[in-house]
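A.B. asks: Contents of my_file37.txt (compact mmCIF, C-alpha atoms):
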```
# COMPACT_ATOMS: atom_id res chain seq x y z
CA MET A 213 20.06 7.20 8.80
CA ARG A 214 18.32 10.16 10.42
CA VAL A 215 14.58 10.10 9.76
CA ASP A 216 14.45 13.87 9.34
CA LEU A 217 16.49 13.50 6.15
CA PHE A 218 13.27 12.20 4.55
CA ASP A 219 11.12 15.16 5.49
CA PHE A 220 9.52 17.68 3.13
CA ASP A 221 6.71 20.23 3.27
CA LEU A 222 3.48 19.33 1.49
CA PRO A 223 0.71 21.93 1.08
CA PRO A 224 -2.64 20.47 2.26
CA GLU A 225 -4.25 21.35 -1.08
CA ASN A 226 -2.00 18.77 -2.79
CA ILE A 227 -3.68 15.90 -0.92
CA ALA A 228 -6.24 14.14 -3.13
CA LEU A 229 -9.61 13.33 -1.56
CA ARG A 230 -11.06 11.60 -4.65
CA PRO A 231 -9.41 9.68 -7.50
CA ALA A 232 -9.14 10.99 -11.03
CA SER A 233 -11.97 10.07 -13.38
CA PRO A 234 -11.44 8.16 -15.54
CA ARG A 235 -8.72 6.48 -13.53
CA ASP A 236 -6.10 6.47 -16.28
CA SER A 237 -6.41 10.25 -16.74
CA ALA A 238 -4.33 10.80 -13.59
CA ARG A 239 -1.01 12.57 -14.08
CA LEU A 240 2.21 10.57 -14.28
CA LEU A 241 5.63 12.01 -13.49
CA LEU A 242 8.36 10.15 -15.36
CA ALA A 243 11.71 10.18 -13.55
CA GLY A 244 14.83 8.41 -14.71
CA GLY A 245 18.20 8.38 -13.05
CA ALA A 246 19.27 11.62 -14.82
CA ALA A 247 18.00 15.11 -14.05
CA ALA A 248 15.19 15.45 -16.63
CA LEU A 249 11.58 14.97 -15.56
CA GLU A 250 8.58 14.51 -17.86
CA ASP A 251 5.00 15.44 -17.02
CA ARG A 252 2.79 12.79 -18.59
CA VAL A 253 -0.52 11.03 -17.88
CA VAL A 254 -1.07 7.42 -16.87
CA ARG A 255 -2.57 6.45 -20.22
CA ASP A 256 0.86 7.26 -21.76
CA LEU A 257 2.30 4.25 -19.94
CA PRO A 258 2.42 1.85 -22.93
CA SER A 259 4.71 4.25 -24.81
CA LEU A 260 7.03 4.60 -21.80
CA LEU A 261 7.73 0.86 -21.50
CA ARG A 262 9.37 -1.68 -23.81
CA ALA A 263 8.03 -4.87 -25.32
CA GLY A 264 9.03 -7.67 -22.97
CA ASP A 265 8.85 -5.56 -19.81
CA VAL A 266 6.61 -6.95 -17.06
CA LEU A 267 4.22 -4.88 -14.96
CA VAL A 268 3.78 -6.66 -11.62
CA PHE A 269 0.46 -6.05 -9.86
CA ASN A 270 -0.85 -6.89 -6.39
CA ASP A 271 -4.21 -8.67 -6.56
CA THR A 272 -5.14 -8.26 -2.90
CA ARG A 273 -8.69 -7.09 -2.20
CA VAL A 274 -9.50 -4.52 0.45
CA ILE A 275 -12.03 -5.68 3.03
CA PRO A 276 -14.32 -3.22 4.92
CA ALA A 277 -12.08 -3.44 7.97
CA GLN A 278 -13.04 -0.19 9.71
CA LEU A 279 -15.47 -0.70 12.59
CA GLU A 280 -17.19 1.72 14.98
CA GLY A 281 -18.51 0.41 18.27
CA ARG A 282 -19.00 0.85 21.99
CA ARG A 283 -17.60 -0.61 25.18
CA GLY A 284 -20.22 0.52 27.66
CA GLU A 285 -20.54 4.28 27.17
CA ALA A 286 -17.15 4.63 25.49
CA ARG A 287 -16.97 4.97 21.71
CA ILE A 288 -14.34 2.65 20.25
CA GLY A 289 -12.99 2.61 16.70
CA ALA A 290 -11.20 -0.45 15.33
CA THR A 291 -9.16 -0.97 12.18
CA LEU A 292 -8.37 -4.63 11.56
CA HIS A 293 -4.87 -5.08 10.21
CA LYS A 294 -3.81 -8.71 10.51
CA ARG A 295 -5.68 -12.02 10.58
CA LEU A 296 -4.52 -14.37 13.32
CA GLY A 297 -7.11 -17.11 12.94
CA LEU A 298 -10.57 -17.91 11.61
CA ARG A 299 -12.26 -15.52 14.05
CA GLN A 300 -9.31 -13.61 15.45
CA TRP A 301 -7.72 -10.40 14.15
CA GLN A 302 -5.22 -7.88 15.38
CA ALA A 303 -6.62 -4.35 15.31
CA PHE A 304 -5.58 -0.81 16.01
CA LEU A 305 -8.11 0.77 18.38
CA ARG A 306 -9.13 4.38 18.74
CA ASN A 307 -9.77 5.27 22.39
CA ALA A 308 -7.86 2.10 23.31
CA LYS A 309 -7.29 3.32 26.87
CA ARG A 310 -10.97 2.62 27.56
CA VAL A 311 -10.60 -1.06 26.62
CA ARG A 312 -9.18 -3.78 28.86
CA GLU A 313 -8.49 -7.41 28.13
CA GLY A 314 -11.74 -9.37 28.33
CA ASP A 315 -14.00 -6.41 27.49
CA ARG A 316 -16.77 -6.91 24.92
CA ILE A 317 -17.02 -4.33 22.15
CA ASP A 318 -20.36 -4.01 20.35
CA PHE A 319 -19.93 -2.90 16.73
CA GLY A 320 -23.65 -2.98 15.92
CA ALA A 321 -25.50 -5.12 13.34
CA GLY A 322 -25.05 -8.12 15.65
CA VAL A 323 -21.25 -7.93 15.53
CA THR A 324 -19.36 -8.20 18.81
CA ALA A 325 -15.79 -9.03 19.76
CA ILE A 326 -13.83 -9.71 22.93
CA ALA A 327 -10.65 -7.68 23.44
CA GLY A 328 -7.53 -9.72 24.08
CA ALA A 329 -3.90 -8.95 24.71
CA ARG A 330 -2.00 -6.00 23.27
CA ASP A 331 0.73 -6.74 20.74
CA ALA A 332 4.18 -5.28 20.14
CA ASP A 333 2.86 -3.04 17.32
CA GLY A 334 0.42 -1.33 19.68
CA GLY A 335 -2.65 -3.22 18.50
CA VAL A 336 -5.19 -5.35 20.33
CA THR A 337 -6.33 -8.89 19.56
CA LEU A 338 -10.07 -9.11 18.82
CA ASP A 339 -11.94 -12.43 19.06
CA PHE A 340 -15.21 -12.13 17.14
CA GLU A 341 -18.19 -13.91 18.67
CA GLY A 342 -20.65 -16.14 16.86
CA GLU A 343 -20.29 -18.62 14.02
CA GLU A 344 -20.32 -16.46 10.89
CA PRO A 345 -17.07 -15.81 9.01
CA VAL A 346 -15.55 -12.47 9.95
CA GLU A 347 -15.76 -11.37 6.29
CA ILE A 348 -19.58 -11.66 6.50
CA LEU A 349 -19.61 -9.65 9.71
CA LEU A 350 -17.51 -6.94 8.11
CA GLU A 351 -19.84 -6.67 5.13
CA ARG A 352 -22.63 -5.92 7.65
CA ALA A 353 -20.86 -3.62 10.07
CA GLY A 354 -17.63 -2.44 8.44
CA THR A 355 -16.66 0.43 6.18
CA MET A 356 -13.70 0.86 3.84
CA PRO A 357 -10.60 1.77 5.86
CA LEU A 358 -9.60 4.99 4.12
CA PRO A 359 -6.18 6.33 5.03
CA PRO A 360 -6.24 8.80 7.94
CA TYR A 361 -5.22 11.74 5.75
CA ILE A 362 -8.46 11.26 3.78
CA ALA A 363 -10.73 10.06 6.59
CA SER A 364 -9.83 13.12 8.69
CA LYS A 365 -11.14 15.42 5.95
CA ARG A 366 -14.35 13.68 4.87
CA PRO A 367 -16.49 10.67 5.81
CA THR A 368 -16.26 7.37 3.98
CA ASP A 369 -19.16 6.95 1.55
CA ALA A 370 -20.59 4.50 -0.96
CA ARG A 371 -18.24 5.65 -3.74
CA ASP A 372 -15.24 4.48 -1.74
CA ARG A 373 -16.43 0.85 -1.97
CA SER A 374 -15.41 0.90 -5.63
CA ASP A 375 -12.94 3.81 -5.71
CA TYR A 376 -10.66 2.19 -3.12
CA GLN A 377 -10.43 -1.12 -4.96
CA THR A 378 -8.20 -1.95 -7.93
CA MET A 379 -9.43 -3.73 -11.04
CA PHE A 380 -7.11 -6.63 -10.09
CA ALA A 381 -8.62 -7.15 -6.61
CA ARG A 382 -9.31 -10.85 -6.10
CA GLU A 383 -7.79 -12.14 -2.85
CA ASP A 384 -9.57 -10.88 0.30
CA GLY A 385 -7.33 -9.68 3.09
CA ALA A 386 -6.00 -6.13 2.66
CA VAL A 387 -6.96 -3.23 4.88
CA ALA A 388 -5.29 -0.70 2.59
CA ALA A 389 -5.33 -0.62 -1.19
CA PRO A 390 -2.24 -1.13 -3.36
CA THR A 391 -2.95 2.34 -4.66
CA ALA A 392 -0.58 2.52 -7.64
CA ALA A 393 -2.86 0.04 -9.40
CA LEU A 394 -5.95 2.21 -8.85
CA HIS A 395 -4.98 4.05 -12.06
CA PHE A 396 -5.52 1.08 -14.36
CA THR A 397 -8.57 0.52 -16.57
CA PRO A 398 -9.52 -2.24 -19.03
CA GLU A 399 -8.75 0.16 -21.89
CA LEU A 400 -5.28 0.88 -20.55
CA MET A 401 -4.60 -2.82 -20.03
CA ALA A 402 -5.57 -3.51 -23.66
CA ALA A 403 -3.11 -0.84 -24.83
CA ILE A 404 -0.39 -2.30 -22.61
CA GLU A 405 -0.94 -5.77 -24.08
CA ALA A 406 -0.88 -4.35 -27.62
CA ALA A 407 2.50 -2.75 -26.86
CA GLY A 408 3.95 -6.16 -26.00
CA VAL A 409 4.26 -5.41 -22.29
CA LEU A 410 3.60 -8.42 -20.07
CA THR A 411 1.72 -8.51 -16.78
CA GLN A 412 1.84 -10.65 -13.66
CA THR A 413 -0.18 -10.62 -10.43
CA LEU A 414 1.07 -11.48 -6.94
CA THR A 415 -0.60 -11.21 -3.53
CA LEU A 416 0.49 -9.08 -0.59
CA HIS A 417 -2.20 -8.29 1.98
CA VAL A 418 -1.50 -4.68 2.84
CA GLY A 419 -1.85 -3.90 6.54
CA ALA A 420 -2.83 -0.72 8.35
CA GLY A 421 0.74 -0.57 9.62
CA THR A 422 1.65 0.98 6.29
CA PHE A 423 0.17 4.25 7.64
CA LEU A 424 1.98 4.17 10.99
CA PRO A 425 4.36 7.08 11.40
CA VAL A 426 8.05 6.45 11.90
CA LYS A 427 8.50 7.60 15.50
CA ALA A 428 12.18 6.74 15.80
CA GLU A 429 14.80 9.38 15.11
CA ASP A 430 17.01 6.90 13.27
CA THR A 431 15.90 4.32 10.69
CA ASP A 432 17.89 1.63 12.53
CA ASP A 433 15.49 1.94 15.46
CA HIS A 434 12.25 1.57 13.47
CA ARG A 435 10.36 -1.72 13.77
CA MET A 436 8.66 -2.53 10.47
CA HIS A 437 5.14 -4.00 10.45
CA ALA A 438 4.60 -7.49 9.04
CA GLU A 439 2.46 -8.31 6.00
CA TRP A 440 1.65 -11.68 4.43
CA GLY A 441 2.44 -12.33 0.78
CA ARG A 442 2.54 -15.10 -1.81
CA ILE A 443 4.31 -15.74 -5.11
CA ASP A 444 3.60 -19.17 -6.58
CA ALA A 445 6.12 -21.21 -8.56
CA GLU A 446 4.51 -20.47 -11.93
CA ALA A 447 4.64 -16.70 -11.34
CA ALA A 448 8.25 -16.89 -10.17
CA ASP A 449 9.22 -18.84 -13.28
CA ARG A 450 7.52 -16.34 -15.61
CA LEU A 451 9.20 -13.38 -13.95
CA ASN A 452 12.64 -14.98 -14.02
CA ALA A 453 12.22 -15.97 -17.67
CA ALA A 454 11.14 -12.47 -18.69
CA ARG A 455 14.10 -10.90 -16.96
CA ALA A 456 16.51 -13.44 -18.46
CA ALA A 457 15.15 -12.46 -21.89
CA GLY A 458 16.01 -8.80 -21.25
CA GLY A 459 12.67 -7.56 -19.95
CA ARG A 460 12.49 -5.21 -17.01
CA LEU A 461 10.38 -6.00 -13.94
CA ILE A 462 8.36 -2.88 -13.12
CA ALA A 463 6.59 -3.16 -9.78
CA VAL A 464 3.21 -1.45 -9.73
CA GLY A 465 3.24 -0.15 -6.19
CA THR A 466 5.56 -0.48 -3.24
CA THR A 467 3.65 -3.56 -2.06
CA SER A 468 4.56 -5.49 -5.21
CA LEU A 469 8.15 -4.27 -4.93
CA ARG A 470 8.50 -5.32 -1.29
CA LEU A 471 7.14 -8.79 -2.06
CA LEU A 472 9.44 -9.27 -5.05
CA GLU A 473 12.46 -8.22 -3.05
CA SER A 474 11.44 -10.50 -0.18
CA ALA A 475 11.27 -13.47 -2.55
CA ALA A 476 14.52 -12.80 -4.42
CA GLY A 477 17.82 -14.39 -3.48
CA GLU A 478 21.21 -12.70 -3.53
CA ASP A 479 21.52 -13.96 -7.12
CA GLY A 480 18.45 -11.97 -8.16
CA VAL A 481 16.39 -15.12 -8.82
CA ILE A 482 12.80 -14.88 -7.58
CA ARG A 483 11.70 -17.96 -5.68
CA PRO A 484 8.23 -19.12 -4.60
CA PHE A 485 7.22 -17.33 -1.41
CA ALA A 486 4.34 -17.70 1.07
CA ASP A 487 5.15 -16.01 4.34
CA GLU A 488 5.18 -12.75 6.27
CA THR A 489 7.65 -10.06 5.33
CA ARG A 490 8.98 -7.17 7.39
CA ILE A 491 11.40 -5.97 4.73
CA PHE A 492 12.40 -2.34 5.36
CA ILE A 493 14.11 -0.75 2.39
CA THR A 494 16.23 2.34 2.98
CA PRO A 495 19.08 4.00 1.05
CA GLY A 496 22.01 1.62 0.72
CA TYR A 497 19.78 -1.36 -0.04
CA ARG A 498 20.85 -3.36 -3.12
CA PHE A 499 17.80 -4.12 -5.25
CA ARG A 500 17.77 -7.68 -6.54
CA ALA A 501 14.45 -8.23 -8.32
CA VAL A 502 13.04 -4.97 -9.69
CA ASP A 503 14.17 -2.57 -12.40
CA GLY A 504 11.59 0.15 -11.89
CA LEU A 505 8.56 1.22 -9.89
CA MET A 506 5.23 2.88 -10.62
CA THR A 507 3.98 4.45 -7.42
CA ASN A 508 1.91 7.30 -6.02
CA PHE A 509 3.43 10.13 -3.98
CA HIS A 510 4.07 9.27 -0.34
CA LEU A 511 4.07 10.92 3.07
CA PRO A 512 7.11 12.75 4.39
CA ARG A 513 9.23 10.75 6.86
CA SER A 514 7.42 7.55 5.82
CA THR A 515 8.92 4.12 5.14
CA LEU A 516 7.59 4.41 1.58
CA PHE A 517 9.42 7.67 0.87
CA MET A 518 12.51 5.96 2.27
CA LEU A 519 11.93 3.08 -0.16
CA VAL A 520 11.72 5.30 -3.25
CA SER A 521 14.79 7.18 -2.01
CA ALA A 522 16.62 3.86 -1.85
CA LEU A 523 15.65 3.13 -5.45
CA MET A 524 16.47 6.53 -6.95
CA GLY A 525 18.68 8.30 -4.42
CA ARG A 526 17.48 10.60 -1.64
CA GLU A 527 18.50 13.88 -3.28
CA ARG A 528 16.95 12.76 -6.57
CA MET A 529 13.63 11.98 -4.87
CA GLN A 530 13.63 15.28 -2.99
CA ALA A 531 13.95 16.98 -6.40
CA VAL A 532 11.21 14.79 -7.90
CA TYR A 533 8.84 15.64 -5.05
CA ALA A 534 9.69 19.34 -5.19
CA HIS A 535 8.75 19.33 -8.89
CA ALA A 536 5.52 17.41 -8.20
CA ILE A 537 4.47 19.86 -5.49
CA ALA A 538 5.30 22.90 -7.59
CA GLN A 539 3.37 21.51 -10.57
CA GLY A 540 0.29 20.71 -8.50
CA TYR A 541 0.45 16.91 -8.58
CA ARG A 542 -2.10 15.26 -6.29
CA PHE A 543 -0.57 13.21 -3.46
CA TYR A 544 -1.26 10.00 -1.56
CA SER A 545 -3.71 7.15 -2.09
CA TYR A 546 -6.19 8.85 -4.44
CA GLY A 547 -3.52 11.02 -6.03
CA ASP A 548 -1.38 11.02 -9.15
CA SER A 549 1.43 8.62 -9.99
CA SER A 550 5.12 8.46 -10.86
CA LEU A 551 7.21 6.08 -12.94
CA LEU A 552 10.68 5.66 -11.47
CA LEU A 553 13.33 4.12 -13.72
CA PRO A 554 16.71 4.33 -12.01
CA GLN A 555 18.73 3.09 -15.01
CA GLU A 556 17.20 5.48 -17.53
```
Give the structure from this file in structure tokens form.
C.D. replies:
Amino acid sequence: MRVDLFDFDLPPENIALRPASPRDSARLLLAGGAAALEDRVVRDLPSLLRAGDVLVFNDTRVIPAQLEGRRGEARIGATLHKRLGLRQWQAFLRNAKRVREGDRIDFGAGVTAIAGARDADGGVTLDFEGEEPVEILLERAGTMPLPPYIASKRPTDARDRSDYQTMFAREDGAVAAPTAALHFTPELMAAIEAAGVLTQTLTLHVGAGTFLPVKAEDTDDHRMHAEWGRIDAEAADRLNAARAAGGRLIAVGTTSLRLLESAAGEDGVIRPFADETRIFITPGYRFRAVDGLMTNFHLPRSTLFMLVSALMGRERMQAVYAHAIAQGYRFYSYGDSSLLLPQE
């Protein structure tokens, strides 16, 4: 499909630079398969779901993967996006033309790395020197890797260490937050449990590739970035049992959805999974594992807007986004949310 079919105009003032406070006070746009839309708030979620439904969360934890350093006199920025080994990561570099294979980059605080080969995604391999785990080095020298549409408008600060982390964060490895889950609070989770709605956590380490623009003119020519995910046997069994009992699987975020769909067979059964996925979901895709999606509002021409268009229909999502823009919903990572239920 033509990529320009997924374009829309977003006023800059609709881009959120800070999350709502408290988190569950963010707005929630409820969209079913029919024409009606409902303007709600996130804390309404328990009343919008059914007993026996399952909310599926991503428990990845964002690491401070943004580094600023020097190669000689040149200033070099690095965003780690994929672990290759104990001390080796792939990274996207700013000012990459000033870095050659074998160059040492000094990130300060005693953190240095040797630049290696360039990869097919346009990144560079970094081999960190010394004996300390890279996670320790990042705690010293790194900052939270805010999305470029926020980082271009304000500097990262201490608040982002907590703001850009979900309450479910447990497994280190993401360089971008699974932002749909940023809206959840302990109080909201208690209300969800009281409503008989079930929950399940999975792990998908979100990579910086999620922010890469689609440069191709046709979706068939886009090369999707890879991300590592895991669903253990116990989680797969619980999800399959809940669905067999009539419950709906509602992915909280596109990361959870992509992992569930990667693990599901043609029969719709979710199987244990521990591997990389490059799944690229566009209109025409037949969903096998999920019945709905809670997600924030995405960038025009992005793989994520293509994904929600596959779930709901492209014209339907254009109408949903037009309503959100007109009603002043806040977009992107720190913005408001939507609940998409294609069968409603």
A.B. asks: Quick check, in Å to one decimal: how far apart do CA of Met506 (chain A) and CA of Ala407 (chain A) lie?
C.D. replies: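 Straight-line distance from CA of Met506 (chain A) to CA of Ala407 (chain A) works out to 17.4 Å.
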A.B. asks: Which residues are near Arg498 (chain A)? Cut-off 10 Å, all atoms listed in the file, ignore same chain within fewer than 3 positions. Put them as an NGL selection string.
C.D. replies: :A and (473 or 478 or 493-495 or 501 or 522-523)
A.B. asks: Please work out which residues fall within 7 Å of (-3.6, -6.9, 18.2), coordinates as given in the file, with only C-alpha atoms counting, and return them as a PyMOL selection string.
C.D. replies: chain A and resi 301-304+329-331+335-338
A.B. asks: Using only C-alpha atoms, determine which residues lie at most 12 Å from Asp315 (chain A), disregarding the query and same-chain residues fewer than 6 positions distant; provide the list as a VMD selection string.
C.D. replies: chain A and resid 282 to 284 286 288 308 to 309 324 to 329 336 to 340
A.B. asks: Please, what distance in Å, to one decimal, runs between CA of Ala228 (chain A) and CA of Ala370 (chain A)?
C.D. replies: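 CA of Ala370 (chain A) lies 17.4 Å from CA of Ala228 (chain A).
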A.B. asks: Using all atoms listed in the file, which residue out of A:Pro276, A:Pro512, A:Gly421, A:Gly441 lies closest to Leu358 (chain A)?
C.D. replies: A:Pro276
A.B. asks: Excluding Ala428 (chain A) and its own-chain neighbours fewer than 3 positions away, which residues fall within 10 Å of it when counting only C-alpha atoms? Please give them as a PyMOL selection string.
C.D. replies: chain A and resi 214-216+425+431-435
A.B. asks: Okay, now the selection with C-alpha atoms, as a PDB file, in the coordinates of the input?
C.D. replies:
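Contents of result26.pdb, freshly written:
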```pdb
ATOM      1  CA  ARG A 214      18.320  10.160  10.420  1.00  0.00           C
ATOM      2  CA  VAL A 215      14.580  10.100   9.760  1.00  0.00           C
ATOM      3  CA  ASP A 216      14.450  13.870   9.340  1.00  0.00           C
ATOM      4  CA  PRO A 425       4.360   7.080  11.400  1.00  0.00           C
ATOM      5  CA  THR A 431      15.900   4.320  10.690  1.00  0.00           C
ATOM      6  CA  ASP A 432      17.890   1.630  12.530  1.00  0.00           C
ATOM      7  CA  ASP A 433      15.490   1.940  15.460  1.00  0.00           C
ATOM      8  CA  HIS A 434      12.250   1.570  13.470  1.00  0.00           C
ATOM      9  CA  ARG A 435      10.360  -1.720  13.770  1.00  0.00           C
TER      10      ARG A 435
END
```
A.B. asks: I'd like the neighbourhood of region 452-462 of chain A as a CSV table (one decimal) with C-alpha atoms, keeping the file's coordinate frame, where a residue qualifies if any of its atoms comes within 10 Å (using only C-alpha atoms), though same-chain residues fewer than 6 positions away should be ignored.
C.D. replies:
```
chain,number,residue,atom,x,y,z
A,261,LEU,CA,7.7,0.9,-21.5
A,262,ARG,CA,9.4,-1.7,-23.8
A,263,ALA,CA,8.0,-4.9,-25.3
A,264,GLY,CA,9.0,-7.7,-23.0
A,265,ASP,CA,8.8,-5.6,-19.8
A,266,VAL,CA,6.6,-7.0,-17.1
A,267,LEU,CA,4.2,-4.9,-15.0
A,268,VAL,CA,3.8,-6.7,-11.6
A,269,PHE,CA,0.5,-6.0,-9.9
A,409,VAL,CA,4.3,-5.4,-22.3
A,410,LEU,CA,3.6,-8.4,-20.1
A,411,THR,CA,1.7,-8.5,-16.8
A,412,GLN,CA,1.8,-10.6,-13.7
A,468,SER,CA,4.6,-5.5,-5.2
A,469,LEU,CA,8.2,-4.3,-4.9
A,472,LEU,CA,9.4,-9.3,-5.0
A,480,GLY,CA,18.4,-12.0,-8.2
A,481,VAL,CA,16.4,-15.1,-8.8
A,482,ILE,CA,12.8,-14.9,-7.6
A,483,ARG,CA,11.7,-18.0,-5.7
A,501,ALA,CA,14.4,-8.2,-8.3
A,502,VAL,CA,13.0,-5.0,-9.7
A,503,ASP,CA,14.2,-2.6,-12.4
A,504,GLY,CA,11.6,0.2,-11.9
A,505,LEU,CA,8.6,1.2,-9.9
A,506,MET,CA,5.2,2.9,-10.6
A,551,LEU,CA,7.2,6.1,-12.9
A,552,LEU,CA,10.7,5.7,-11.5
A,553,LEU,CA,13.3,4.1,-13.7
```
A.B. asks: Rank nothing, just name the residue among A:Asp487, A:Asp444, A:Glu225, A:Asp479 nearest to Arg500 (chain A), using only C-alpha atoms.
C.D. replies: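 Closest residue, counting only C-alpha atoms: A:Asp479.
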A.B. asks: Region 256-287 of chain A near region 229-249 of chain A within 12 Å: what's each residue's closest atom pair and its distance in Å to one decimal, counting only C-alpha atoms, ordered by chain then ascending residue number, as JSON lines?
C.D. replies:
```
{"residue": "A:Asp256", "atom": "CA", "partner": "A:Leu240", "partner_atom": "CA", "distance": 8.3}
{"residue": "A:Leu257", "atom": "CA", "partner": "A:Leu240", "partner_atom": "CA", "distance": 8.5}
{"residue": "A:Pro258", "atom": "CA", "partner": "A:Asp236", "partner_atom": "CA", "distance": 11.8}
{"residue": "A:Ser259", "atom": "CA", "partner": "A:Leu242", "partner_atom": "CA", "distance": 11.7}
{"residue": "A:Leu260", "atom": "CA", "partner": "A:Leu242", "partner_atom": "CA", "distance": 8.6}
{"residue": "A:Leu261", "atom": "CA", "partner": "A:Leu242", "partner_atom": "CA", "distance": 11.2}
```
A.B. asks: Using all atoms listed in the file and a cutoff of 9 Å, can you tell me which residues are near (8.7, -4.1, 8.5) in the file's coordinates, and write them out as a CSV table (one decimal) with C-alpha atoms, in the frame of the given file?
C.D. replies:
```csv
chain,number,residue,atom,x,y,z
A,421,GLY,CA,0.7,-0.6,9.6
A,422,THR,CA,1.6,1.0,6.3
A,434,HIS,CA,12.2,1.6,13.5
A,435,ARG,CA,10.4,-1.7,13.8
A,436,MET,CA,8.7,-2.5,10.5
A,437,HIS,CA,5.1,-4.0,10.4
A,438,ALA,CA,4.6,-7.5,9.0
A,439,GLU,CA,2.5,-8.3,6.0
A,489,THR,CA,7.6,-10.1,5.3
A,490,ARG,CA,9.0,-7.2,7.4
A,491,ILE,CA,11.4,-6.0,4.7
A,492,PHE,CA,12.4,-2.3,5.4
A,493,ILE,CA,14.1,-0.8,2.4
A,515,THR,CA,8.9,4.1,5.1
```
A.B. asks: CA of Ala534 (chain A) to CA of Asp251 (chain A): how many Å, to one decimal?
C.D. replies: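 Separation of CA of Ala534 (chain A) and CA of Asp251 (chain A): 13.3 Å.
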A.B. asks: Please determine, counting all atoms listed in the file, which residue among A:Leu350, A:Ala388, A:Ala445, A:Leu222 has the shortest atom-to-atom distance to Tyr533 (chain A).
C.D. replies: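 Using all atoms listed in the file, the shortest distance to Tyr533 (chain A) belongs to A:Leu222.
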A.B. asks: List the neighbours of Glu488 (chain A) out to 12 Å using only C-alpha atoms; skip same-chain residues closer than 6 positions along the sequence, and give me the result as a PyMOL selection string.
C.D. replies: chain A and resi 294-295+415-419+436-443+470-471+474-475
A.B. asks: Which one is closest to Ala389 (chain A): A:Ile275, A:Val520, A:Ile348, A:Leu414? Count all atoms listed in the file.
C.D. replies: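 Once distances to Ala389 (chain A) are computed over all atoms listed in the file, the minimum belongs to A:Ile275.
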A.B. asks: Please determine, counting only C-alpha atoms, which residue among A:Pro484, A:Gly385, A:Ala538, A:Tyr546 has the shortest atom-to-atom distance to Asp372 (chain A).
C.D. replies: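 Closest candidate: A:Tyr546.
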